[in-house]
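> What follows is the file input.cif, containing mmCIF, C-alpha atoms:
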data_structure
loop_
_atom_site.label_atom_id
_atom_site.label_comp_id
_atom_site.auth_asym_id
_atom_site.auth_seq_id
_atom_site.Cartn_x
_atom_site.Cartn_y
_atom_site.Cartn_z
CA MET A 1 196.22 -130.40 124.74
CA VAL A 2 196.96 -130.15 121.02
CA SER A 3 195.98 -133.09 118.84
CA SER A 4 198.95 -135.24 117.87
CA ALA A 5 197.77 -134.97 114.27
CA PHE A 6 198.74 -131.29 114.29
CA ALA A 7 201.73 -131.35 116.63
CA ASP A 8 203.93 -129.92 113.87
CA ARG A 9 202.06 -126.57 113.86
CA PRO A 10 203.64 -123.80 115.97
CA HIS A 11 200.21 -122.40 116.89
CA ASN A 12 197.45 -124.51 118.46
CA LYS A 13 194.79 -122.53 116.62
CA LEU A 14 192.15 -123.46 114.05
CA PHE A 15 191.16 -121.11 111.24
CA LEU A 16 187.84 -121.88 109.56
CA PHE A 17 186.69 -120.08 106.42
CA ASP A 18 183.41 -119.67 104.59
CA VAL A 19 183.91 -120.13 100.83
CA ASP A 20 181.89 -117.72 98.63
CA GLY A 21 182.72 -114.11 99.40
CA THR A 22 185.42 -115.10 101.89
CA LEU A 23 188.00 -117.30 100.15
CA THR A 24 186.71 -116.73 96.61
CA LEU A 25 184.32 -114.51 94.75
CA ALA A 26 180.95 -116.24 94.43
CA ARG A 27 181.24 -119.48 92.42
CA GLN A 28 184.69 -118.48 91.16
CA SER A 29 188.07 -120.12 91.67
CA VAL A 30 190.49 -119.27 94.46
CA SER A 31 193.10 -116.69 93.45
CA ASN A 32 196.81 -117.44 93.44
CA GLU A 33 197.31 -114.89 96.22
CA MET A 34 194.69 -116.55 98.42
CA ALA A 35 196.07 -120.03 97.72
CA GLU A 36 199.56 -118.92 98.72
CA THR A 37 198.23 -117.17 101.85
CA LEU A 38 196.48 -120.36 102.94
CA ARG A 39 199.53 -122.52 102.22
CA GLU A 40 201.65 -120.28 104.44
CA LEU A 41 198.99 -120.21 107.17
CA ARG A 42 198.78 -124.01 107.17
CA LYS A 43 202.47 -124.21 108.04
CA LYS A 44 201.74 -122.34 111.27
CA ALA A 45 198.17 -123.35 112.25
CA VAL A 46 195.31 -125.67 111.34
CA ILE A 47 192.97 -124.56 108.53
CA GLY A 48 189.57 -125.66 107.25
CA PHE A 49 186.70 -124.55 105.03
CA VAL A 50 183.02 -124.50 105.99
CA GLY A 51 180.72 -124.20 102.98
CA GLY A 52 177.05 -124.72 102.34
CA SER A 53 177.57 -126.25 98.90
CA ASP A 54 178.39 -129.89 98.24
CA LEU A 55 182.00 -131.02 98.10
CA VAL A 56 182.20 -131.15 94.30
CA LYS A 57 181.18 -127.49 93.93
CA ILE A 58 183.51 -126.37 96.70
CA SER A 59 186.39 -128.32 95.18
CA GLU A 60 185.84 -126.63 91.82
CA GLN A 61 186.59 -123.37 93.61
CA LEU A 62 189.21 -124.35 96.19
CA SER A 63 191.49 -126.92 94.59
CA PHE A 64 194.76 -125.00 94.47
CA ASN A 65 195.97 -126.84 91.40
CA GLY A 66 192.97 -125.60 89.40
CA SER A 67 191.56 -129.09 88.85
CA ASN A 68 187.83 -129.80 88.91
CA VAL A 69 188.54 -133.13 90.58
CA PRO A 70 187.26 -132.91 94.20
CA THR A 71 190.61 -132.55 95.92
CA ALA A 72 189.98 -129.46 98.10
CA VAL A 73 190.11 -131.67 101.18
CA ASP A 74 193.79 -132.33 100.40
CA ASP A 75 194.64 -128.63 100.63
CA PHE A 76 192.97 -128.12 104.03
CA ASP A 77 193.22 -129.94 107.35
CA TYR A 78 189.44 -129.92 107.70
CA GLY A 79 186.88 -129.84 104.92
CA PHE A 80 183.26 -129.16 105.85
CA ALA A 81 180.79 -129.24 102.97
CA GLU A 82 177.05 -128.71 103.51
CA ASN A 83 177.79 -126.95 106.82
CA GLY A 84 179.82 -129.90 108.08
CA LEU A 85 177.22 -132.56 107.41
CA THR A 86 179.79 -133.93 104.98
CA ALA A 87 183.10 -133.69 106.81
CA TYR A 88 186.76 -134.55 106.25
CA LYS A 89 189.81 -134.49 108.50
CA LEU A 90 193.21 -134.84 106.84
CA SER A 91 191.49 -136.13 103.66
CA LYS A 92 189.57 -138.86 105.52
CA GLN A 93 185.76 -138.70 105.63
CA LEU A 94 184.00 -138.43 108.97
CA VAL A 95 180.41 -139.42 109.85
CA SER A 96 177.78 -137.60 107.74
CA GLN A 97 174.07 -136.75 108.17
CA SER A 98 171.02 -136.91 105.88
CA PHE A 99 168.36 -134.24 105.41
CA ILE A 100 165.81 -136.65 103.93
CA LYS A 101 166.17 -139.10 106.83
CA PHE A 102 165.49 -136.25 109.24
CA LEU A 103 162.47 -134.80 107.44
CA GLY A 104 160.90 -137.82 105.72
CA GLU A 105 159.76 -138.15 102.13
CA GLU A 106 156.16 -136.98 102.63
CA LYS A 107 157.10 -133.75 104.42
CA TYR A 108 159.82 -133.07 101.89
CA LYS A 109 157.38 -133.42 98.98
CA LYS A 110 155.01 -130.91 100.59
CA LEU A 111 157.87 -128.49 101.12
CA ALA A 112 159.26 -128.91 97.59
CA ASN A 113 155.83 -128.57 95.95
CA PHE A 114 155.10 -125.37 97.87
CA ILE A 115 158.48 -123.88 96.94
CA LEU A 116 158.03 -124.65 93.24
CA HIS A 117 154.49 -123.19 93.20
CA TYR A 118 155.75 -120.06 94.95
CA ILE A 119 158.57 -119.59 92.42
CA ALA A 120 156.19 -120.21 89.52
CA ASP A 121 154.06 -117.28 90.71
CA LEU A 122 157.04 -115.04 91.50
CA ASP A 123 157.41 -112.03 89.22
CA ILE A 124 161.13 -111.32 88.84
CA PRO A 125 163.05 -110.09 85.75
CA ILE A 126 164.48 -113.47 84.71
CA LYS A 127 164.32 -117.14 85.68
CA ARG A 128 166.66 -119.90 84.61
CA GLY A 129 166.72 -123.47 85.97
CA THR A 130 167.45 -125.66 89.02
CA PHE A 131 165.28 -123.82 91.53
CA ILE A 132 165.72 -126.53 94.18
CA GLU A 133 169.01 -128.34 94.61
CA PHE A 134 168.77 -131.40 96.84
CA ARG A 135 171.91 -132.04 98.89
CA ASN A 136 172.84 -134.62 101.47
CA GLY A 137 172.32 -132.40 104.50
CA MET A 138 170.04 -129.65 103.18
CA VAL A 139 168.21 -128.24 100.20
CA ASN A 140 169.21 -125.04 98.43
CA VAL A 141 166.47 -122.82 96.99
CA SER A 142 167.07 -120.21 94.30
CA PRO A 143 164.28 -117.95 92.99
CA ILE A 144 166.23 -117.21 89.79
CA GLY A 145 167.65 -120.73 89.46
CA ARG A 146 171.19 -122.00 90.00
CA ASN A 147 171.78 -122.22 86.24
CA ALA A 148 172.09 -118.43 86.06
CA THR A 149 175.32 -117.03 84.63
CA ILE A 150 177.72 -115.03 86.80
CA ALA A 151 176.42 -111.80 85.22
CA GLU A 152 172.81 -112.84 85.89
CA ARG A 153 173.70 -113.73 89.49
CA LEU A 154 175.13 -110.26 90.03
CA GLU A 155 172.02 -108.66 88.51
CA PHE A 156 169.75 -110.70 90.76
CA GLN A 157 171.84 -109.89 93.82
CA ASP A 158 171.38 -106.17 93.15
CA TYR A 159 167.66 -106.67 92.48
CA ASP A 160 167.26 -108.68 95.67
CA LYS A 161 168.93 -105.97 97.76
CA VAL A 162 166.22 -103.55 96.63
CA HIS A 163 163.18 -105.84 96.58
CA GLY A 164 164.00 -108.38 99.32
CA ILE A 165 162.87 -111.38 97.26
CA ARG A 166 164.72 -113.98 99.31
CA ALA A 167 163.87 -112.44 102.69
CA ALA A 168 160.16 -112.39 101.83
CA PHE A 169 160.32 -115.98 100.53
CA VAL A 170 162.02 -117.15 103.74
CA LYS A 171 159.38 -115.43 105.89
CA VAL A 172 156.58 -117.23 104.03
CA LEU A 173 158.31 -120.60 104.47
CA GLN A 174 159.02 -119.97 108.17
CA ASP A 175 155.30 -119.32 108.74
CA LYS A 176 154.01 -122.11 106.50
CA PHE A 177 156.34 -124.84 107.81
CA ALA A 178 156.81 -123.66 111.39
CA ASP A 179 156.32 -127.20 112.74
CA TYR A 180 158.98 -128.80 110.50
CA GLY A 181 161.96 -127.88 112.70
CA LEU A 182 163.78 -126.17 109.84
CA THR A 183 166.12 -123.20 109.57
CA PHE A 184 166.13 -120.98 106.47
CA ALA A 185 169.43 -119.14 105.94
CA ILE A 186 170.21 -116.68 103.13
CA GLY A 187 173.66 -117.18 101.60
CA GLY A 188 175.61 -116.34 98.48
CA GLN A 189 174.10 -114.18 95.75
CA ILE A 190 170.99 -115.98 94.55
CA SER A 191 169.74 -118.56 97.05
CA PHE A 192 169.02 -119.68 100.59
CA ASP A 193 169.59 -122.96 102.42
CA VAL A 194 167.00 -125.07 104.24
CA PHE A 195 168.16 -127.46 106.96
CA PRO A 196 167.13 -128.79 110.38
CA HIS A 197 167.60 -126.56 113.43
CA GLY A 198 171.18 -126.86 114.65
CA TRP A 199 172.46 -128.05 111.26
CA ASP A 200 173.85 -124.59 110.45
CA LYS A 201 177.61 -124.03 110.19
CA THR A 202 178.03 -124.56 113.94
CA TYR A 203 177.51 -128.25 113.09
CA ALA A 204 181.11 -128.27 111.87
CA LEU A 205 182.30 -127.42 115.39
CA ARG A 206 181.12 -130.83 116.58
CA HIS A 207 183.96 -132.36 114.62
CA VAL A 208 186.67 -130.21 116.24
CA GLU A 209 185.48 -129.55 119.81
CA ASP A 210 187.58 -132.39 121.26
CA GLU A 211 190.80 -131.39 119.50
CA GLY A 212 191.86 -128.96 122.25
CA PHE A 213 192.44 -125.87 120.10
CA GLU A 214 193.31 -122.75 122.09
CA GLU A 215 191.38 -120.59 119.63
CA ILE A 216 188.99 -121.22 116.74
CA HIS A 217 188.81 -118.31 114.29
CA PHE A 218 185.99 -118.08 111.75
CA PHE A 219 185.93 -115.83 108.68
CA GLY A 220 182.68 -115.17 106.81
CA ASP A 221 180.81 -112.55 104.80
CA LYS A 222 177.16 -113.39 105.61
CA THR A 223 177.57 -112.75 109.35
CA TYR A 224 174.37 -110.70 109.81
CA LYS A 225 171.29 -112.24 111.46
CA GLY A 226 169.61 -114.43 108.85
CA GLY A 227 172.86 -114.92 106.93
CA ASN A 228 174.31 -118.42 106.74
CA ASP A 229 177.48 -117.41 108.64
CA TYR A 230 175.65 -115.77 111.54
CA GLU A 231 175.40 -118.73 113.94
CA ILE A 232 179.03 -119.80 113.76
CA PHE A 233 180.23 -116.16 113.70
CA THR A 234 178.42 -115.42 116.98
CA ASP A 235 179.06 -118.79 118.62
CA PRO A 236 181.01 -118.37 121.89
CA ARG A 237 183.41 -121.11 120.80
CA THR A 238 184.72 -119.01 117.90
CA ILE A 239 186.46 -115.69 117.34
CA GLY A 240 184.49 -114.21 114.46
CA HIS A 241 185.87 -112.08 111.63
CA SER A 242 183.38 -110.43 109.26
CA VAL A 243 184.72 -109.78 105.76
CA ASN A 244 183.40 -108.18 102.58
CA ASN A 245 185.51 -110.12 100.10
CA PRO A 246 188.62 -112.33 99.80
CA ASP A 247 190.94 -109.31 99.94
CA ASP A 248 189.51 -108.53 103.37
CA THR A 249 190.30 -112.08 104.48
CA ILE A 250 193.93 -111.76 103.40
CA ARG A 251 194.22 -108.35 105.07
CA ILE A 252 192.93 -109.62 108.43
CA LEU A 253 195.18 -112.68 108.32
CA LYS A 254 198.19 -110.43 107.76
CA GLU A 255 197.09 -108.20 110.66
CA LEU A 256 196.96 -111.25 112.95
CA SER A 257 200.69 -111.71 112.21
CA LEU A 258 200.99 -115.43 112.83
#
Go ahead and express the file in the form of structure tokens.

Amino acid sequence: MVSSAFADRPHNKLFLFDVDGTLTLARQSVSNEMAETLRELRKKAVIGFVGGSDLVKISEQLSFNGSNVPTAVDDFDYGFAENGLTAYKLSKQLVSQSFIKFLGEEKYKKLANFILHYIADLDIPIKRGTFIEFRNGMVNVSPIGRNATIAERLEFQDYDKVHGIRAAFVKVLQDKFADYGLTFAIGGQISFDVFPHGWDKTYALRHVEDEGFEEIHFFGDKTYKGGNDYEIFTDPRTIGHSVNNPDDTIRILKELSL
């Protein structure tokens, strides 16, 4: 049975979207065409975003009015930042989770120290700053540093495709911290996320599983094994759509002909 909150939608379907590479180019703002596509879709079905970044960063990209004020949750029915560990429904915040409470301060310090030592010894063309970004439900690790410019991000992405910097880094961490109960998922252009097992993007589904949707569609670009969209893309509760860029997302939505 459809939730009364969405009784005005002709279709009892939920459409969930990854952010970078799916709704926007990496760390860039949503296009006017995408914003209009989502507005029209929301008239017919329920829509939500599922991103790994925190809500402020996602809002910088997804606020349709172009504002940097975190208002993205007002333009979507569901807003899931940090894989759904920070969650909103119709602009109201739901229960959240904490990475540090799960792991504990001592274990986190060992993990952070190892990561920073590893990056210090890593020989890559350039390094910038913010190699570890601590978030509410996870930590994000970037070998080049999150302060890299868009051009530098693109250069590192190409370099990483050839040299497998992130994949090798993840393998080392998986072996070193095998008893920590952590998942390491590559996402975006320059980084990977670290979070407890089960706190991947499927965590967002916990917030919608009792709403009675006939179908839950998920759109993402990192849908390969090891990518941060893989688990929710392959989850039996969703209908997965793999895209290469935002234009792909718009094309598939048009093909679905809602």
> Return as a PDB file with C-alpha atoms, in the frame of the given file the set of residues that the PyMOL selection byres ((chain A and resi 216) around 12) yields on the displayed structure.

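Contents of out-v3.pdb, freshly written:
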ATOM      1  CA  HIS A  11     200.210-122.400 116.890  1.00  0.00           C
ATOM      2  CA  ASN A  12     197.450-124.510 118.460  1.00  0.00           C
ATOM      3  CA  LYS A  13     194.790-122.530 116.620  1.00  0.00           C
ATOM      4  CA  LEU A  14     192.150-123.460 114.050  1.00  0.00           C
ATOM      5  CA  PHE A  15     191.160-121.110 111.240  1.00  0.00           C
ATOM      6  CA  LEU A  16     187.840-121.880 109.560  1.00  0.00           C
ATOM      7  CA  PHE A  17     186.690-120.080 106.420  1.00  0.00           C
ATOM      8  CA  ALA A  45     198.170-123.350 112.250  1.00  0.00           C
ATOM      9  CA  VAL A  46     195.310-125.670 111.340  1.00  0.00           C
ATOM     10  CA  ILE A  47     192.970-124.560 108.530  1.00  0.00           C
ATOM     11  CA  GLY A  48     189.570-125.660 107.250  1.00  0.00           C
ATOM     12  CA  THR A 202     178.030-124.560 113.940  1.00  0.00           C
ATOM     13  CA  ALA A 204     181.110-128.270 111.870  1.00  0.00           C
ATOM     14  CA  LEU A 205     182.300-127.420 115.390  1.00  0.00           C
ATOM     15  CA  VAL A 208     186.670-130.210 116.240  1.00  0.00           C
ATOM     16  CA  GLU A 209     185.480-129.550 119.810  1.00  0.00           C
ATOM     17  CA  GLU A 211     190.800-131.390 119.500  1.00  0.00           C
ATOM     18  CA  GLY A 212     191.860-128.960 122.250  1.00  0.00           C
ATOM     19  CA  PHE A 213     192.440-125.870 120.100  1.00  0.00           C
ATOM     20  CA  GLU A 214     193.310-122.750 122.090  1.00  0.00           C
ATOM     21  CA  GLU A 215     191.380-120.590 119.630  1.00  0.00           C
ATOM     22  CA  HIS A 217     188.810-118.310 114.290  1.00  0.00           C
ATOM     23  CA  PHE A 218     185.990-118.080 111.750  1.00  0.00           C
ATOM     24  CA  PHE A 219     185.930-115.830 108.680  1.00  0.00           C
ATOM     25  CA  ILE A 232     179.030-119.800 113.760  1.00  0.00           C
ATOM     26  CA  PHE A 233     180.230-116.160 113.700  1.00  0.00           C
ATOM     27  CA  ASP A 235     179.060-118.790 118.620  1.00  0.00           C
ATOM     28  CA  PRO A 236     181.010-118.370 121.890  1.00  0.00           C
ATOM     29  CA  ARG A 237     183.410-121.110 120.800  1.00  0.00           C
ATOM     30  CA  THR A 238     184.720-119.010 117.900  1.00  0.00           C
ATOM     31  CA  ILE A 239     186.460-115.690 117.340  1.00  0.00           C
ATOM     32  CA  GLY A 240     184.490-114.210 114.460  1.00  0.00           C
ATOM     33  CA  HIS A 241     185.870-112.080 111.630  1.00  0.00           C
TER      34      HIS A 241
END
> What residues come out when you apply the PyMOL selection byres ((chain A and resi 43) around 12) to this file, written as an MDAnalysis selection string?
chainID A and resid 6:14 36:42 44:47 75:77 258
> Rounded to one decimal place, report the atom CA of Val30 of chain A-atom CA of Ala148 of chain A distance in Å.
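Computing it gives 20.2 Å between the two atoms.
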> Using the chain letters and numbers from the file, which residues does the PyMOL selection byres ((chain A and resi 59) around 12) grab, as a PyMOL selection string?
chain A and resi 19+24+27-30+49-51+53-58+60-76+79-81
> Work out how far atom CA of Leu85 of chain A is from atom CA of Arg206 of chain A, in Å to one decimal.
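Going from atom CA of Arg206 of chain A over to atom CA of Leu85 of chain A, I get 10.1 Å.
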> Kindly assemble as a Markdown table a list of the segment 159-196 of chain A residues that lie within 8 Å of segment 123-139 of chain A, each paired with its nearest atom pair and their distance in Å to one decimal, using all atoms listed in the file, sorted first by chain and then by ascending residue number.

| residue | atom | partner | partner_atom | distance |
| --- | --- | --- | --- | --- |
| A:Asp193 | CA | A:Val139 | CA | 5.9 |
| A:Val194 | CA | A:Val139 | CA | 5.3 |
| A:Phe195 | CA | A:Met138 | CA | 4.8 |
| A:Pro196 | CA | A:Met138 | CA | 7.8 |
> Rank nothing, just name the residue among A:Val172, A:Leu94, A:Ala87, A:Ala151 nearest to Tyr118 of chain A, using only C-alpha atoms.
A:Val172
> Rounded to one decimal place, report the atom CA of Arg251 of chain A-atom CA of Asn32 of chain A distance in Å.
15.0 Å
> Using all atoms listed in the file, which of the listed residues (A:Leu253, A:Lys201, A:Pro143, A:Asn83) sits closest to Asp121 of chain A?
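Checking each of A:Leu253, A:Lys201, A:Pro143, A:Asn83 against Asp121 of chain A, counting all atoms listed in the file, the winner is A:Pro143.
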> Env of Gln189 of chain A: 10 Å cut, atoms = all atoms listed in the file, seq-sep filter 5 positions within chain, self excluded. Answer as a list of chain:residue names.
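Once the adjacent positions are removed, what remains is A:Asp20, A:Gly21, A:Ala26, A:Arg27, A:Ser142, A:Ile150, A:Arg153, A:Leu154, A:Glu155, A:Phe156, A:Gln157, A:Asp158, A:Asp160, A:Lys161.
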> Got a minute to add N, CA and C atoms to segment 160-178 of chain A and dump it as a tab-separated table (two decimals), in the frame of the given file?

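Wrote out-v6.tsv, looks like this:
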chain	number	residue	atom	x	y	z
A	160	ASP	N	167.71	-108.15	94.38
A	160	ASP	CA	167.26	-108.68	95.67
A	160	ASP	C	167.54	-107.71	96.81
A	161	LYS	N	168.63	-106.96	96.73
A	161	LYS	CA	168.93	-105.97	97.76
A	161	LYS	C	167.85	-104.90	97.83
A	162	VAL	N	167.26	-104.58	96.70
A	162	VAL	CA	166.22	-103.55	96.63
A	162	VAL	C	164.85	-104.12	96.99
A	163	HIS	N	164.53	-105.29	96.47
A	163	HIS	CA	163.18	-105.84	96.58
A	163	HIS	C	163.00	-106.90	97.67
A	164	GLY	N	164.10	-107.41	98.23
A	164	GLY	CA	164.00	-108.38	99.32
A	164	GLY	C	163.28	-109.66	98.95
A	165	ILE	N	163.55	-110.17	97.75
A	165	ILE	CA	162.87	-111.38	97.26
A	165	ILE	C	163.12	-112.57	98.17
A	166	ARG	N	164.38	-112.81	98.49
A	166	ARG	CA	164.72	-113.98	99.31
A	166	ARG	C	164.20	-113.84	100.74
A	167	ALA	N	164.32	-112.65	101.32
A	167	ALA	CA	163.87	-112.44	102.69
A	167	ALA	C	162.37	-112.67	102.80
A	168	ALA	N	161.61	-112.19	101.82
A	168	ALA	CA	160.16	-112.39	101.83
A	168	ALA	C	159.81	-113.86	101.66
A	169	PHE	N	160.53	-114.55	100.78
A	169	PHE	CA	160.32	-115.98	100.53
A	169	PHE	C	160.58	-116.76	101.82
A	170	VAL	N	161.67	-116.47	102.48
A	170	VAL	CA	162.02	-117.15	103.74
A	170	VAL	C	160.94	-116.94	104.79
A	171	LYS	N	160.42	-115.72	104.89
A	171	LYS	CA	159.38	-115.43	105.89
A	171	LYS	C	158.13	-116.27	105.64
A	172	VAL	N	157.74	-116.41	104.39
A	172	VAL	CA	156.58	-117.23	104.03
A	172	VAL	C	156.81	-118.68	104.43
A	173	LEU	N	158.00	-119.21	104.14
A	173	LEU	CA	158.31	-120.60	104.47
A	173	LEU	C	158.39	-120.82	105.98
A	174	GLN	N	158.94	-119.86	106.71
A	174	GLN	CA	159.02	-119.97	108.17
A	174	GLN	C	157.61	-120.06	108.76
A	175	ASP	N	156.68	-119.30	108.23
A	175	ASP	CA	155.30	-119.32	108.74
A	175	ASP	C	154.56	-120.59	108.31
A	176	LYS	N	154.74	-120.97	107.05
A	176	LYS	CA	154.01	-122.11	106.50
A	176	LYS	C	154.48	-123.44	107.10
A	177	PHE	N	155.77	-123.56	107.35
A	177	PHE	CA	156.34	-124.84	107.81
A	177	PHE	C	156.97	-124.69	109.20
A	178	ALA	N	156.29	-123.94	110.05
A	178	ALA	CA	156.81	-123.66	111.39
A	178	ALA	C	157.00	-124.91	112.23
